[in-house]
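K.L.:
Next comes run34.tsv, TSV, C-alpha atoms:
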chain	number	residue	atom	x	y	z
A	5	CYS	CA	2.02	8.64	4.13
A	6	ASN	CA	0.68	8.39	7.67
A	7	PRO	CA	-1.19	5.82	9.77
A	8	PHE	CA	-4.50	7.68	9.62
A	9	GLY	CA	-4.40	7.94	5.83
A	10	LEU	CA	-4.04	4.16	5.72
A	11	GLY	CA	-7.03	3.87	8.03
A	12	VAL	CA	-9.04	5.88	5.49
A	13	LEU	CA	-8.01	3.45	2.75
A	14	GLN	CA	-9.16	0.57	4.92
A	15	THR	CA	-12.50	2.27	5.57
A	16	TYR	CA	-13.06	2.68	1.83
A	17	GLU	CA	-12.36	-1.03	1.37
A	18	ARG	CA	-14.00	-2.60	4.38
A	19	GLY	CA	-16.38	-0.11	5.93
A	20	SER	CA	-16.17	0.73	9.61
A	21	ALA	CA	-17.87	-0.16	12.86
A	22	ARG	CA	-19.69	3.18	12.77
A	23	MET	CA	-20.87	2.65	9.18
A	24	GLY	CA	-21.63	-1.01	9.68
A	25	ARG	CA	-19.46	-3.63	8.06
A	26	ASP	CA	-20.75	-5.70	5.23
A	27	GLY	CA	-18.48	-8.69	5.80
A	28	GLY	CA	-16.08	-8.23	2.92
A	29	ASP	CA	-14.74	-5.88	0.35
A	30	ARG	CA	-17.19	-3.05	-0.16
A	31	TYR	CA	-16.62	-2.65	-3.89
A	32	SER	CA	-16.47	-5.07	-6.78
A	33	VAL	CA	-13.51	-3.15	-8.19
A	34	ALA	CA	-10.29	-3.75	-6.29
A	35	LEU	CA	-8.97	-0.67	-4.52
A	36	ARG	CA	-5.20	-0.27	-4.59
A	37	TRP	CA	-2.82	1.74	-2.44
A	38	VAL	CA	-1.19	3.82	-5.17
A	39	GLY	CA	-0.25	6.87	-3.10
A	40	LEU	CA	2.95	7.68	-1.33
A	41	LYS	CA	4.32	4.68	0.59
A	42	PRO	CA	7.01	4.50	3.28
A	43	SER	CA	9.23	2.48	0.92
A	44	HIS	CA	9.06	5.30	-1.66
A	45	LEU	CA	10.37	7.74	0.94
A	46	ARG	CA	13.14	5.32	1.87
A	47	ASP	CA	14.11	4.23	-1.64
A	48	GLU	CA	13.17	6.56	-4.49
A	49	LEU	CA	12.86	9.87	-2.64
A	50	GLU	CA	15.62	9.61	-0.03
A	51	GLY	CA	17.53	12.87	0.27
A	52	GLN	CA	15.25	14.75	-2.14
A	53	LEU	CA	12.98	16.38	0.43
A	54	PRO	CA	13.88	18.97	3.06
A	55	ARG	CA	14.18	17.60	6.59
A	56	ASP	CA	11.36	19.90	7.72
A	57	VAL	CA	8.71	17.82	5.91
A	58	TYR	CA	9.50	14.68	7.91
A	59	GLN	CA	7.22	14.70	10.96
A	60	ARG	CA	7.92	12.47	13.91
A	61	LEU	CA	5.09	10.00	14.56
A	62	THR	CA	3.00	11.20	17.49
A	63	ASP	CA	1.84	8.90	20.28
A	64	VAL	CA	-1.58	8.83	18.61
A	65	ASP	CA	0.04	7.92	15.26
A	66	GLU	CA	2.03	5.14	16.92
A	67	ARG	CA	-1.08	3.68	18.58
A	68	ARG	CA	-2.93	3.74	15.24
A	69	LEU	CA	0.06	2.10	13.56
A	70	GLU	CA	0.19	-0.60	16.26
A	71	LYS	CA	-3.49	-1.29	15.66
A	72	LEU	CA	-2.93	-1.58	11.90
A	73	LEU	CA	0.04	-3.89	12.53
A	74	GLY	CA	-2.08	-6.19	14.70
A	75	GLU	CA	-1.90	-9.81	13.62
A	76	ALA	CA	-5.59	-10.15	12.83
A	77	HIS	CA	-6.09	-6.67	11.40
A	78	PRO	CA	-7.96	-6.76	8.05
A	79	PHE	CA	-5.79	-3.99	6.56
A	80	HIS	CA	-3.13	-6.58	5.80
A	81	ASN	CA	-4.41	-9.90	7.11
A	82	ASP	CA	-7.48	-10.23	4.87
A	83	HIS	CA	-6.16	-8.41	1.84
A	84	ARG	CA	-4.75	-9.73	-1.43
A	85	ASP	CA	-1.72	-7.42	-1.03
A	86	GLY	CA	-1.41	-8.18	2.68
A	87	GLU	CA	2.29	-8.99	2.78
A	88	GLU	CA	3.24	-5.82	0.91
A	89	ARG	CA	1.00	-3.73	3.16
A	90	LEU	CA	2.48	-5.28	6.29
A	91	GLN	CA	6.00	-4.50	5.05
A	92	GLU	CA	5.03	-0.87	4.38
A	93	LEU	CA	3.59	-0.54	7.89
A	94	GLU	CA	6.78	-2.01	9.37
A	95	ILE	CA	8.90	0.44	7.36
A	96	MET	CA	6.81	3.35	8.66
A	97	GLN	CA	7.20	2.10	12.20
A	98	SER	CA	10.98	1.66	11.90
A	99	ASN	CA	11.35	5.07	10.21
A	100	GLY	CA	9.43	6.72	13.04
A	101	TYR	CA	8.15	9.53	10.82
A	102	LYS	CA	5.35	10.50	8.47
A	103	VAL	CA	5.25	12.82	5.47
A	104	GLU	CA	2.18	14.62	4.23
A	105	LEU	CA	1.45	14.26	0.52
A	106	GLU	CA	1.63	18.04	0.11
A	107	ALA	CA	5.36	17.85	0.85
A	108	MET	CA	5.87	16.43	-2.63
A	109	HIS	CA	5.38	19.95	-4.03
A	110	TRP	CA	8.98	20.61	-2.96
A	111	LEU	CA	9.94	18.43	-5.91
A	112	GLY	CA	8.16	20.62	-8.47
A	113	MET	CA	4.68	21.27	-9.72
A	114	ASP	CA	4.71	18.36	-12.20
A	115	PHE	CA	6.19	15.87	-9.76
A	116	MET	CA	2.88	14.53	-8.39
A	117	SER	CA	1.32	13.87	-11.78
A	118	ASP	CA	4.51	12.25	-13.12
A	119	TYR	CA	4.94	10.26	-9.90
A	120	LEU	CA	1.35	9.01	-9.91
A	121	GLU	CA	1.58	8.06	-13.58
A	122	GLN	CA	4.71	6.00	-12.88
A	123	VAL	CA	3.15	4.34	-9.82
A	124	LEU	CA	0.08	3.37	-11.88
A	125	LEU	CA	2.21	2.01	-14.72
A	126	ASP	CA	4.31	0.00	-12.25
A	127	GLU	CA	1.15	-1.35	-10.61
A	128	GLU	CA	-0.31	-2.33	-13.98
A	129	ALA	CA	2.90	-4.17	-14.90
A	130	ARG	CA	2.89	-5.94	-11.52
A	131	LEU	CA	-0.71	-7.07	-11.97
A	132	GLU	CA	0.01	-8.31	-15.50
A	133	ARG	CA	3.01	-10.25	-14.18
A	134	GLN	CA	0.86	-11.81	-11.42
A	135	GLU	CA	-1.81	-12.81	-13.93
A	136	ARG	CA	0.79	-14.37	-16.23
A	137	GLU	CA	2.25	-16.34	-13.32
A	138	ARG	CA	-1.23	-17.46	-12.24
A	139	LEU	CA	-2.04	-18.67	-15.76
A	140	GLU	CA	1.31	-20.46	-16.06
A	141	HIS	CA	0.67	-22.15	-12.71
A	142	GLU	CA	-2.82	-23.22	-13.80
A	143	GLU	CA	-1.46	-24.52	-17.09
A	144	ALA	CA	1.26	-26.50	-15.28
A	145	SER	CA	-1.35	-27.92	-12.89
A	146	PHE	CA	-3.55	-28.88	-15.81
A	147	ASP	CA	-0.61	-30.55	-17.58
A	148	ASP	CA	0.22	-32.48	-14.39
A	149	SER	CA	-3.34	-33.71	-13.97
A	150	ASP	CA	-3.51	-34.57	-17.67
A	151	SER	CA	-0.39	-36.74	-17.44
A	152	GLU	CA	-1.89	-38.68	-14.52
A	153	LEU	CA	-4.69	-39.91	-16.80
For this file, produce the structure as structure tokens.
P.N.:
Amino acid sequence: CNPFGLGVLQTYERGSARMGRDGGDRYSVALRWVGLKPSHLRDELEGQLPRDVYQRLTDVDERRLEKLLGEAHPFHNDHRDGEERLQELEIMQSNGYKVELEAMHWLGMDFMSDYLEQVLLDEEARLERQERERLEHEEASFDDSDSEL
């Protein structure tokens, strides 16, 4: 849960200047941010980790975060989950700290696998809900256009 880890996610999705960009998502399968998020630290994990694992954002981290927060940045601006990503970046900035994923071992050896399983199940439920809402919206639009005839 740090600005440079998010930059790696973006590189997987979009490529980089050094690699050459291809003008859009690099993969036909949507990549999702399923790892540790700033909101998880604030909400679900608050008070469960020792203070020592919270590292103050360095000047370099803060500059990277500012770049990711930029209005036109593709990490959130051109992404289907852009609003959620922007909120996570803002939480990280307001928290002023980062936590390495390895810190989760303080919560037990099984924590990471259980945590990841729950995150994936939550994400699947969210995507199903979005698809249902999209279909309902399309059906309502179709009904509206049908009644105009």
K.L.:
How many Å lie between atom CA of A:Leu53 and atom CA of A:Phe115, rounded to one decimal?
P.N.:
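These two atoms are separated by 12.3 Å.
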K.L.:
Quote the spacing between atom CA of A:Leu111 and atom CA of A:Leu124 in Å to one decimal place.
P.N.:
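Those two atoms sit 19.0 Å apart.
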K.L.:
Find the distance between atom CA of A:Leu131 and atom CA of A:Arg89 and write it in Å to one decimal.
P.N.:
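Taking atom CA of A:Leu131 as the start and atom CA of A:Arg89 as the end point, the length is 15.6 Å.
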K.L.:
Find the residues near A:Tyr101: any atom within 7 Å, counting all atoms listed in the file, skip ones fewer than 5 places away on the same chain, and give them as a PyMOL selection string.
P.N.:
chain A and resi 58-61+96
K.L.:
Which is closer to A:Ile95 than all the others in A:Arg138, A:Arg36, A:Lys71, A:Lys41, using all atoms listed in the file?
P.N.:
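Closest residue, counting all atoms listed in the file: A:Lys41.
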K.L.:
Smallest atom-to-atom distance to A:Trp37: which of A:Glu104, A:His141, A:Gly9, A:Asp65, using all atoms listed in the file?
P.N.:
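The shortest atom-to-atom distance to A:Trp37 comes from A:Gly9.
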K.L.:
From the set A:Asp126, A:Glu121, A:Glu142, A:Glu92, which residue has the shortest atom-to-atom contact distance to A:His44, counting only C-alpha atoms?
P.N.:
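Among the listed residues, A:Glu92 lies closest to A:His44.
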